[in-house]
Amino acid sequence: MLNAPKLKVIVAEDHGVQRAYMCMLINKLGYETIPAEDGLQALKLICESDAQILISDLNMPNLNGIELTVEIRKLSLDRYVHVIMLTGQDENDIRSKALESGVDDFMPKGMNIAMLTARLRAATRLIHHEKELAERNRILKESNDRIQKDLRSAAIAQRRLLPEIHDDIMGFRVSSAFVPSSFVSGDMFGCFPLSDTKLGFYMVDVSGHGVQASLLSVAIGHLITPEFFGTKAILSDTTIAPAALVTDLNQRFCGFDSDEYFTMFCGIIDKENGHFDYCQAGHPSPYYVTSNGQIQAIGDGGFPVGMLAFADYENHSLTFDPGASLILCSDAAIEAENHANIPFGEDRLQSVAATAPQIGPANIPDQVIDALNNWRSGEPLEDDLTVVAIERI
Amino acid sequence: MIHTTRHNDEITVIRPGVERLTAVNAREFKDEVSTLIEQGAYQLVIDFKDVSFLDSSGLGVLVGILKKVGSRGELTVCSLGASIEQMFRISRMDRVFTSYPNAEIAVQSMSERL
């Protein structure tokens, strides 16, 4: 504090002798005074200097003390100006008006040095406090900006992991929507050729959401390459076992001492005969929609992954007909609640999925997002959402 | 957050004390139940009578608590609402947790096994 520059005090007083006397006293107290002859000049000096204290007479030409204060409060300054008003003994009734206009403190005219010292000290304390708060605020804003920037980069990095969907992968049309609840997502999905005839896909939803869940979802995204998927799930030309892939993942992720786990749905579709093998691991059942609009939720459940080491997983299969489609959603869709806390639910989701033959399966992901937006009256989702539609052309 | 009732000095019925057991409060719930377990409460019934919604984080801590009790005792659940029952079914937790229609039956059943 010893080396800190002196705080500037503007002394607005139209009486010359009085003004000079006040300046002298205040300078002696360790401040730097800037004299002003009237309200207008004081206002100009407030704008041009970095003074944070104004001691102003009430009655002055051009702008009086109250008008001056009103003008100061209208300015968009990057600092607060403490206004101490000098009032005569018969001016008590003006005080409430002065307070309303933004005056901070009062002092009787006719300099009482003890009172002047006390008033200036109080103002100085507030200024220092304000400065500390501003500094803390600046540091918080800076670190918040940095975190936001990092999260935006992380979100871009995570999106890069998602498959680049082309119109047609091996005779399948795949479309998707990926909506993190905040920057990064605990969801992940992949879709890729495993051989000349087999398409593999998976969807993963890590428990919880936000950064912690996204760390695991990204790790899973990196782990499940087409090679990894194919090696674990295609045991021979005739033995397709997506459950073996899930079992492998379960063993890998069970070792950690945490309550984190993920749900998963994965499958392999043969493009030639439509044979579709799948494994459901705690994930909501996807919808299989035929070209004539028949719809069924497939799978009757399964243990999540990374939760219980003894969990076993089952292979199931069905025939994926040309023109049919499979609609997969993470649980954010059925759990999304409207303002009356009613969840969107399976029936509503199923009725959106059932429109696939009319609007085209490729439009279903956006249709689900629209339906959820309407359901929540535009409120953002609280959990990460992913919707994938796979149509056999 | 949790409310507990002791039965016959051996069985503790826990009501989570929230309508929604989610990522927001799951950690606090686990910490409080863990304290009970560390104090020697190994026969636990979690009563979901007043809980309408359980999310994936809530389910995660439930399994975490089950592991913590381990072979020292038993953890059962009761009064599951339709949405929690559906979640238990799809994630096969109906094979992991024994579920009862209400706390009275859960306590009665547990005391017969002691």
# chains A, B, ... in the order shown; residues from 1 in each chain; ligands from 1
$ interface_residues --of "chain A" --to "chain B" --cutoff "8 Å" --atoms "only C-alpha atoms" --output "compact mmCIF listing (two decimals) with C-alpha atoms, in the first residue's frame"
# COMPACT_ATOMS: atom_id res chain seq x y z
CA SER A 207 -23.66 -43.38 -16.85
CA GLY A 208 -23.95 -39.75 -15.81
CA SER A 258 -15.86 -46.59 -9.49
CA ASP A 259 -19.61 -46.55 -9.94
CA GLU A 260 -19.18 -45.64 -13.60
CA TYR A 261 -20.41 -48.04 -16.26
CA ALA A 281 -26.31 -54.45 -22.73
CA GLY A 282 -28.57 -52.34 -20.51
CA HIS A 283 -29.31 -50.02 -23.42
CA PRO A 284 -32.90 -49.06 -24.30
CA ASP A 300 -35.50 -57.85 -23.70
CA GLY A 301 -32.62 -56.25 -21.82
CA GLY A 302 -29.15 -57.19 -20.68
CA PHE A 303 -26.61 -56.24 -18.04
CA PRO A 304 -24.79 -52.91 -18.48
CA MET A 307 -20.70 -52.88 -13.63
$ select_by_dssp --residues "region 5-56 of chain A" --states "alpha helix (DSSP H)" --output "compact mmCIF listing (two decimals) with N, CA and C atoms, in the first residue's frame"
# COMPACT_ATOMS: atom_id res chain seq x y z
N GLY A 16 -14.42 29.86 -4.17
CA GLY A 16 -12.98 29.66 -4.39
C GLY A 16 -12.19 29.39 -3.13
N VAL A 17 -12.37 30.21 -2.11
CA VAL A 17 -11.58 30.09 -0.88
C VAL A 17 -11.89 28.76 -0.20
N GLN A 18 -13.21 28.48 -0.13
CA GLN A 18 -13.67 27.24 0.48
C GLN A 18 -13.03 26.03 -0.22
N ARG A 19 -13.03 26.11 -1.59
CA ARG A 19 -12.50 25.02 -2.42
C ARG A 19 -11.02 24.79 -2.13
N ALA A 20 -10.27 25.91 -2.09
CA ALA A 20 -8.82 25.80 -1.87
C ALA A 20 -8.51 25.23 -0.49
N TYR A 21 -9.33 25.63 0.49
CA TYR A 21 -9.13 25.16 1.87
C TYR A 21 -9.37 23.65 1.98
N MET A 22 -10.48 23.20 1.32
CA MET A 22 -10.80 21.77 1.34
C MET A 22 -9.70 20.97 0.66
N CYS A 23 -9.23 21.46 -0.47
CA CYS A 23 -8.18 20.76 -1.21
C CYS A 23 -6.94 20.60 -0.34
N MET A 24 -6.60 21.66 0.36
CA MET A 24 -5.41 21.62 1.19
C MET A 24 -5.56 20.54 2.28
N LEU A 25 -6.72 20.54 2.94
CA LEU A 25 -6.94 19.55 4.01
C LEU A 25 -6.87 18.12 3.48
N ILE A 26 -7.52 17.92 2.33
CA ILE A 26 -7.62 16.56 1.79
C ILE A 26 -6.24 16.09 1.28
N ASN A 27 -5.50 17.03 0.67
CA ASN A 27 -4.13 16.68 0.23
C ASN A 27 -3.29 16.22 1.41
N LYS A 28 -3.48 16.93 2.55
CA LYS A 28 -2.71 16.58 3.75
C LYS A 28 -3.04 15.16 4.23
N GLY A 39 -20.58 22.16 -11.23
CA GLY A 39 -20.98 20.78 -11.52
C GLY A 39 -20.54 20.30 -12.88
N LEU A 40 -20.64 21.20 -13.86
CA LEU A 40 -20.31 20.81 -15.23
C LEU A 40 -18.83 20.45 -15.36
N GLN A 41 -18.00 21.31 -14.71
CA GLN A 41 -16.56 21.04 -14.77
C GLN A 41 -16.24 19.74 -14.02
N ALA A 42 -16.92 19.51 -12.90
CA ALA A 42 -16.69 18.28 -12.13
C ALA A 42 -17.02 17.06 -12.97
N LEU A 43 -18.15 17.15 -13.72
CA LEU A 43 -18.55 16.02 -14.56
C LEU A 43 -17.50 15.73 -15.62
N LYS A 44 -16.97 16.81 -16.21
CA LYS A 44 -15.94 16.67 -17.24
C LYS A 44 -14.70 16.00 -16.64
N LEU A 45 -14.34 16.42 -15.44
CA LEU A 45 -13.14 15.87 -14.78
C LEU A 45 -13.33 14.40 -14.40
N ILE A 46 -14.56 14.06 -14.00
CA ILE A 46 -14.86 12.65 -13.68
C ILE A 46 -14.59 11.78 -14.91
N CYS A 47 -15.03 12.31 -16.08
CA CYS A 47 -14.86 11.54 -17.32
C CYS A 47 -13.40 11.45 -17.72
N GLU A 48 -12.67 12.52 -17.50
CA GLU A 48 -11.28 12.58 -18.00
C GLU A 48 -10.27 11.96 -17.04
$ residues_around --residues "region 328-331 of chain A" --least-positions-apart "3" --cutoff "7 Å" --atoms "only C-alpha atoms" --output "VMD selection string"
chain A and resid 205 284 286 to 287 334 to 335 385 to 389
$ residues_around --residues "Ala154 (chain A)" --least-positions-apart "2" --cutoff "12 Å" --atoms "only C-alpha atoms" --output "compact mmCIF listing (two decimals) with C-alpha atoms, in the first residue's frame"
# COMPACT_ATOMS: atom_id res chain seq x y z
CA ILE A 147 -12.37 -23.72 -19.48
CA GLN A 148 -15.05 -22.88 -22.05
CA LYS A 149 -12.43 -22.71 -24.79
CA ASP A 150 -10.99 -26.06 -23.70
CA LEU A 151 -14.45 -27.64 -23.62
CA ARG A 152 -15.22 -26.33 -27.10
CA ILE A 156 -14.76 -30.73 -31.61
CA ALA A 157 -12.26 -33.52 -30.88
CA GLN A 158 -15.08 -35.80 -29.73
CA ARG A 159 -17.18 -35.10 -32.82
CA ARG A 160 -14.21 -36.03 -34.98
CA LEU A 161 -14.39 -39.51 -33.47
CA PRO A 180 -24.33 -33.35 -25.82
CA SER A 182 -23.11 -29.63 -22.30
CA PHE A 183 -20.19 -29.39 -24.75
CA VAL A 184 -18.97 -32.99 -24.49
CA SER A 185 -21.06 -36.14 -24.32
CA GLY A 210 -20.61 -34.10 -18.60
CA VAL A 211 -16.82 -34.18 -18.69
CA SER A 214 -17.14 -38.05 -21.84
CA LEU A 215 -13.65 -39.18 -20.82
CA VAL A 218 -14.03 -41.07 -25.84
$ residues_around --residues "His15 (chain A)" --least-positions-apart "3" --cutoff "12 Å" --atoms "only C-alpha atoms" --output "list in words"
Val11, Ala12, Gln18, Arg19, Ala20, Tyr21, Met22, Pro35, Ala36, Glu37, Asp38, Ser56, Asp57, Leu58, Asn59, Met60 and Pro61 of chain A
$ closest_residue --among "B:Val77, B:Lys49, B:Val69, B:Ser109" --to "Lys30 (chain B)" --atoms "only C-alpha atoms"
B:Val69
$ residues_around --residues "region 222-228 of chain A" --least-positions-apart "4" --cutoff "8 Å" --atoms "only C-alpha atoms" --output "list in words"
Leu161, Phe192, Pro193, Leu194, Gly200, Val218 and Lys232 of chain A
$ write_last_selection --atoms "N, CA and C atoms" --output "JSON list (two decimals), in the first residue's frame"
[["chain", "number", "residue", "atom", "x", "y", "z"],
["A", 161, "LEU", "N", -14.40, -38.06, -33.66],
["A", 161, "LEU", "CA", -14.39, -39.51, -33.47],
["A", 161, "LEU", "C", -15.63, -40.19, -34.06],
["A", 192, "PHE", "N", -19.29, -49.06, -39.19],
["A", 192, "PHE", "CA", -18.22, -49.27, -40.18],
["A", 192, "PHE", "C", -18.27, -50.66, -40.79],
["A", 193, "PRO", "N", -17.69, -50.81, -42.00],
["A", 193, "PRO", "CA", -17.63, -52.16, -42.59],
["A", 193, "PRO", "C", -16.65, -53.02, -41.79],
["A", 194, "LEU", "N", -17.06, -54.28, -41.52],
["A", 194, "LEU", "CA", -16.16, -55.19, -40.81],
["A", 194, "LEU", "C", -15.53, -56.17, -41.81],
["A", 200, "GLY", "N", -20.79, -53.35, -39.14],
["A", 200, "GLY", "CA", -20.85, -53.37, -37.67],
["A", 200, "GLY", "C", -21.25, -51.99, -37.16],
["A", 218, "VAL", "N", -15.08, -41.29, -24.83],
["A", 218, "VAL", "CA", -14.03, -41.07, -25.84],
["A", 218, "VAL", "C", -13.03, -42.24, -25.83],
["A", 232, "LYS", "N", -13.20, -59.28, -32.20],
["A", 232, "LYS", "CA", -13.88, -59.78, -31.00],
["A", 232, "LYS", "C", -15.24, -60.42, -31.32]]
$ residues_around --residues "region 13-20 of chain B" --least-positions-apart "6" --cutoff "8 Å" --atoms "only C-alpha atoms" --output "list in words"
Met1, Ile2, His3, Thr4, Thr5, Arg6, His7, Phe29, Leu44, Val45, Ile46, Asp47, Phe48, Lys49, Asp50, Val51, Ser52, Phe53, Leu54, Ala103 and Val107 of chain B
$ closest_residue --among "A:Ala114, A:Ile393, A:Cys279, A:Ala134" --to "Gly299 (chain A)" --atoms "only C-alpha atoms"
A:Cys279
$ atom_distance --atom1 "CA of Asn373 (chain A)" --atom2 "CA of His209 (chain A)"
19.2 Å
